[in-house]
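Enquirer: Let me give you the structure first, and then I'll get to my questions.
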Amino acid sequence: MSQTPPTSFVEGLIDPTENFDGWYVDVIQKAELADDAPVRGMKVVRPYGYRMWELMVASLDARFKATGVENAYFPLLIPKSMLEREAEHIEGFSPEVAWVTHGGNKLLEEPLAIRPTSEAIICPIYAKWVQSWRDLPILLNQWASVVRWEDRPRAFLRTSEFLWQEGHTCHATAEEARARALQMLEVYREFLETELAIPTIPGVKSPSEKFAGAEDTYTVEAMMGGKNWALQAGTSHDLSDHFGRVFDIRFLDREGTRRYAFSTSFGLSHRTIGAMVMVHGDASGLKLPPRVAPIQAIIVPILGRKGDRGEVLAAAERIRETLSPAIRVRIDDRDDRSPGYKFSDWELKGVPVRIELGPRDLAAGQVVLVARDTRDKLVVPFDGVRQAVEELLEAIQDRLLATARARLADLTVNVGTYDEMVERIAANAGFNRVGWCGDAACEARVKNETKATIRCIPFEERARQRAEPPAASGLCIVCGQPAQHEVIIARAY
RNA sequence: CGGGGUGUGGCGCAGUCGGUAGCGCGCGGCGUUUGGGACGCUGAGGUCGGAGGUUCGAGUCCUCUCACCCCGACCA
């Protein structure tokens, strides 16, 4: 008992400390989240992974509706001419658009794009719907998939087809549109933190990193485990009246003046599943936040001598009935697997709480609860199981968030010199908070020399700038000129 | 699109000099087991990525081709 416990009870899983990207691929396959598909870059989302997405959809959708956003559905295919109307937009997306050229066996007069995102088809329809200020705002969202032809796919994080939601709103004023974009980013931030236990740094993208055609792009940047790289976990765009002008969305305001409408869009994809894997996982596999875990508690009956089997299973069933449906619980009654196998199997799958129940427990009228994150054991009498499991699930959710928060805070460091930053990036040391003069040339140099990018200009820093000069040295990390912004620089998935 | 690599049962791999396609895991059946990945017996499963060539004979040699993976440029 006094021996150091092994870091992993799961045999054959790649060690994340030695090969984090290999571990990611391995754990997704072995935990049955996704599988390869016949078309390169596309993946099958298996039931266990899809259930996580369903749980996310439910809670995020409720948050949208609370802000007045309704769901709708717009077509998959966009006429080429429509997609090409906004020059910057098509320039940004054209390298990754998939095209439909044939209908049946007839060549189409005009090729149809499979949506890489839907601004280009939703805006023209909004143009039909909007005549008066009374028609605004329009607050719609759709749950859909989009296609972006990827050269280097990675399960969940970057696949050629991905599941997401895209919100599209239309407003009478620039201020209202901007406020909506910021509001939805805050929805993402709160959702990621509360449900997925993923803390993020919210901020605005630099001009070179912003969405094609946007006035401003807002982002929530999360820090992955292992290599401490960044991942854009959600994004919202203040499109100003750019798309309103291009797609001719016009309305008469209260004074009778004809104006272009202002719009926003915002999206969060199933890459957040990958984020959860990378943020919380360990050498034994997944470690799922209870709120989105498909199975929150797994009962493993230890079937001893023949005579006890029926009694143990009956007790397990009573425990299950006590917990269900408030808690997503299952019994692992597989008869051909040892308890050790089952323990490892459910740890691999990241189930937050394991409930062990064997002949000894049966005799004592108790169960053993084991937390996935700490492996701490807790002995609980039958009549206290419901409350103990509920409390443990909450504690695990809190611990995962606290751990991730501490990591993000500890590994986001003020850096004063370019050389130091280069070293930190090469060493995968985390996020670098540095001054930036605002010149795209300095930004480009960082990217060329280190592959790292400006992830965002954090809002907290923005607010502080009004009162005091930028932190760190107050100078641009690259050129040494006075800094205009404080930015986060890191490599990203 | 550049650079590198791999294709052999479901998965991971071996296959020497060209000579009857093998191993581990997994899978089916039966039995014994069960508190951190149990064991015995038994069984099923293969056009060796594809096409062409050399040869009495090709998983192995030659030519072409396809697919996938990894590393770079682009991305929710």
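In the structure tokens, the first chain shown is A, the next is B, and so on; residue numbers restart at 1 for each chain, and ligands run from 1 in the order shown.
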Can you pull out the residues contacting Asn228 (chain A)? Cut-off 12 Å, using only C-alpha atoms (C1' of nucleotides), and skip same-chain residues under 3 positions away; I want them as JSON, numbers by chain.
Expert: {"A": [17, 20, 21, 221, 222, 223, 224, 225, 231, 275, 278, 279, 404, 407, 408, 409, 410, 411, 412, 424, 425, 426, 427, 428, 429, 430, 431, 432, 489, 490, 491, 492, 493]}
Enquirer: Each residue of chain B with at least one atom at most 6 Å from chain A should appear once, together with its nearest atom pair and the corresponding distance in Å (one decimal); atoms considered: only C-alpha atoms (C1' of nucleotides); ordering: chain, then increasing residue number; output as a Markdown table.
Expert:
| residue | atom | partner | partner_atom | distance |
| --- | --- | --- | --- | --- |
| B:U34 | C1' | A:Ser338 | CA | 5.5 |
| B:G36 | C1' | A:Gly340 | CA | 4.4 |
| B:G37 | C1' | A:Tyr341 | CA | 4.0 |
Enquirer: Among the residues of region 288-364 of chain A, find those DSSP assigns to strand (DSSP E) from the backbone and print them as a PyMOL selection string.
Expert: chain A and resi 297-301+329-331+353-357
Enquirer: Write out, as a PDB file, in the first residue's frame, the residues just selected, with C-alpha atoms.
Expert:
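Ended up saving to out05.pdb:
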ATOM      1  CA  ALA A 297     -20.728   6.500 -12.510  1.00  0.00           C
ATOM      2  CA  ILE A 298     -19.917   2.911 -13.409  1.00  0.00           C
ATOM      3  CA  ILE A 299     -20.859   0.130 -11.057  1.00  0.00           C
ATOM      4  CA  VAL A 300     -18.362  -2.745 -11.172  1.00  0.00           C
ATOM      5  CA  PRO A 301     -19.700  -5.771  -9.338  1.00  0.00           C
ATOM      6  CA  VAL A 329     -25.025   5.286 -14.293  1.00  0.00           C
ATOM      7  CA  ARG A 330     -24.374   1.829 -15.717  1.00  0.00           C
ATOM      8  CA  ILE A 331     -23.508  -1.598 -14.370  1.00  0.00           C
ATOM      9  CA  VAL A 353     -16.766   7.745 -10.491  1.00  0.00           C
ATOM     10  CA  ARG A 354     -16.337   4.007 -10.167  1.00  0.00           C
ATOM     11  CA  ILE A 355     -18.524   2.143  -7.714  1.00  0.00           C
ATOM     12  CA  GLU A 356     -17.051  -1.151  -6.578  1.00  0.00           C
ATOM     13  CA  LEU A 357     -19.354  -3.677  -5.005  1.00  0.00           C
TER      14      LEU A 357
END
Enquirer: Pick from B:G24, B:G35, B:G18, B:G46: nearest to C61 (chain B), with only C-alpha atoms (C1' of nucleotides) counted?
Expert: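 Counting only C-alpha atoms (C1' of nucleotides), the residue closest to C61 (chain B) is B:G18.
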Enquirer: What are the DSSP helix (DSSP H, G or I) residues of region 143-237 of chain A, as a list in words?
Expert: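 Here are the helix (DSSP H, G or I) residues of region 143-237 of chain A: Ala174, Glu175, Glu176, Ala177, Arg178, Ala179, Arg180, Ala181, Leu182, Gln183, Met184, Leu185, Glu186, Val187, Tyr188, Arg189, Glu190, Phe191, Leu192, Glu193, Thr194, Pro207, Ser208 and Glu209 of chain A.
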Enquirer: Please identify all polymer residues within 12 Å of U42 (chain B), counting only C-alpha atoms (C1' of nucleotides), omitting same-chain residues fewer than 6 positions from it, and present them as a list in words.
Expert: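 With the cut-off at 12 Å, the set is G28, G29, C30 and G31 of chain B.
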Enquirer: Could those residues be written to a file, using C-alpha atoms (C1' of nucleotides), as a PDB file, in the first residue's frame?
Expert:
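Final output, saved to out.pdb:
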ATOM      1  C1'   G B  28     -16.368 -18.138 -31.195  1.00  0.00           C
ATOM      2  C1'   G B  29     -17.252 -22.664 -27.992  1.00  0.00           C
ATOM      3  C1'   C B  30     -16.498 -25.394 -23.269  1.00  0.00           C
ATOM      4  C1'   G B  31     -14.649 -25.287 -18.329  1.00  0.00           C
TER       5        G B  31
END
Enquirer: I'd like the contact shell of G49 (chain B) - 9 Å cut-off, only C-alpha atoms (C1' of nucleotides), skipping same-chain residues fewer than 5 positions apart - returned as a PyMOL selection string.
Expert: chain B and resi 7+66-67
Enquirer: Counting only C-alpha atoms, figure out which residue out of A:Asn141, A:Gly22, A:Leu192, A:Arg245 gets nearest to Glu86 (chain A).
Expert: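 Going through A:Asn141, A:Gly22, A:Leu192, A:Arg245 one by one, the smallest distance to Glu86 (chain A) is for A:Arg245.
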Enquirer: I'd like the neighbourhood of C62 (chain B) as a PyMOL selection string, where a residue qualifies if any of its atoms comes within 12 Å (using only C-alpha atoms (C1' of nucleotides)), though same-chain residues fewer than 5 positions away should be ignored.
Expert: chain B and resi 52-55
Enquirer: Could you name the residues that touch Asp398 (chain A) at 12 Å or less, counting only C-alpha atoms (C1' of nucleotides), but leaving out those on the same chain fewer than 5 positions away, as a PDB file with C-alpha atoms, in the first residue's frame?
Expert:
ATOM      1  CA  GLU A 193     -15.605  26.710 -17.894  1.00  0.00           C
ATOM      2  CA  THR A 194     -18.817  25.480 -16.256  1.00  0.00           C
ATOM      3  CA  GLU A 195     -19.548  22.415 -18.366  1.00  0.00           C
ATOM      4  CA  LEU A 196     -16.192  21.323 -19.758  1.00  0.00           C
ATOM      5  CA  ALA A 197     -13.979  22.618 -16.943  1.00  0.00           C
ATOM      6  CA  ILE A 198     -11.852  24.366 -19.538  1.00  0.00           C
ATOM      7  CA  PRO A 199     -10.682  27.851 -18.575  1.00  0.00           C
ATOM      8  CA  LEU A 288     -14.188  13.513 -18.331  1.00  0.00           C
ATOM      9  CA  PRO A 289     -15.831  16.427 -16.553  1.00  0.00           C
ATOM     10  CA  PRO A 290     -18.923  14.910 -14.869  1.00  0.00           C
ATOM     11  CA  ARG A 291     -21.307  17.409 -16.454  1.00  0.00           C
ATOM     12  CA  ASP A 373      -8.968  12.040 -11.154  1.00  0.00           C
ATOM     13  CA  GLU A 391     -21.068  15.256  -3.988  1.00  0.00           C
ATOM     14  CA  LEU A 392     -18.147  13.413  -5.514  1.00  0.00           C
ATOM     15  CA  LEU A 393     -19.238  14.312  -9.043  1.00  0.00           C
ATOM     16  CA  THR A 403      -6.347  22.101 -11.952  1.00  0.00           C
ATOM     17  CA  ALA A 404      -6.797  23.447 -15.473  1.00  0.00           C
ATOM     18  CA  ARG A 405      -7.027  27.012 -14.178  1.00  0.00           C
TER      19      ARG A 405
END
Enquirer: Provide the C1' of U20 (chain B) to C1' of A58 (chain B) distance in Å, to one decimal place.
Expert: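 Taking C1' of U20 (chain B) as the start and C1' of A58 (chain B) as the end point, the length is 14.2 Å.
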Enquirer: I'd like the neighbourhood of Ala155 (chain A) as a PDB file with C-alpha atoms, in the first residue's frame, where a residue qualifies if any of its atoms comes within 8 Å (using only C-alpha atoms (C1' of nucleotides)), though same-chain residues fewer than 4 positions away should be ignored.
Expert:
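Below is the file part.pdb, written as the result:
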ATOM      1  CA  VAL A  25      -4.648   9.610 -31.432  1.00  0.00           C
ATOM      2  CA  ILE A  28      -9.376   8.584 -29.057  1.00  0.00           C
ATOM      3  CA  ALA A  34     -14.003   8.298 -33.098  1.00  0.00           C
ATOM      4  CA  LYS A  43     -14.054  10.678 -39.099  1.00  0.00           C
ATOM      5  CA  THR A 159     -11.394  17.288 -39.715  1.00  0.00           C
ATOM      6  CA  GLY A 274     -10.686  17.063 -28.508  1.00  0.00           C
TER       7      GLY A 274
END
Enquirer: Take CA of Phe262 (chain A) and CA of Leu239 (chain A) and report the distance between them in Å, one decimal.
Expert: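 CA of Phe262 (chain A) sits 6.9 Å away from CA of Leu239 (chain A).
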Enquirer: To one decimal in Å, tell me the separation between CA of Lys451 (chain A) and CA of Arg115 (chain A).
Expert: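 Separation between CA of Lys451 (chain A) and CA of Arg115 (chain A): 28.8 Å.
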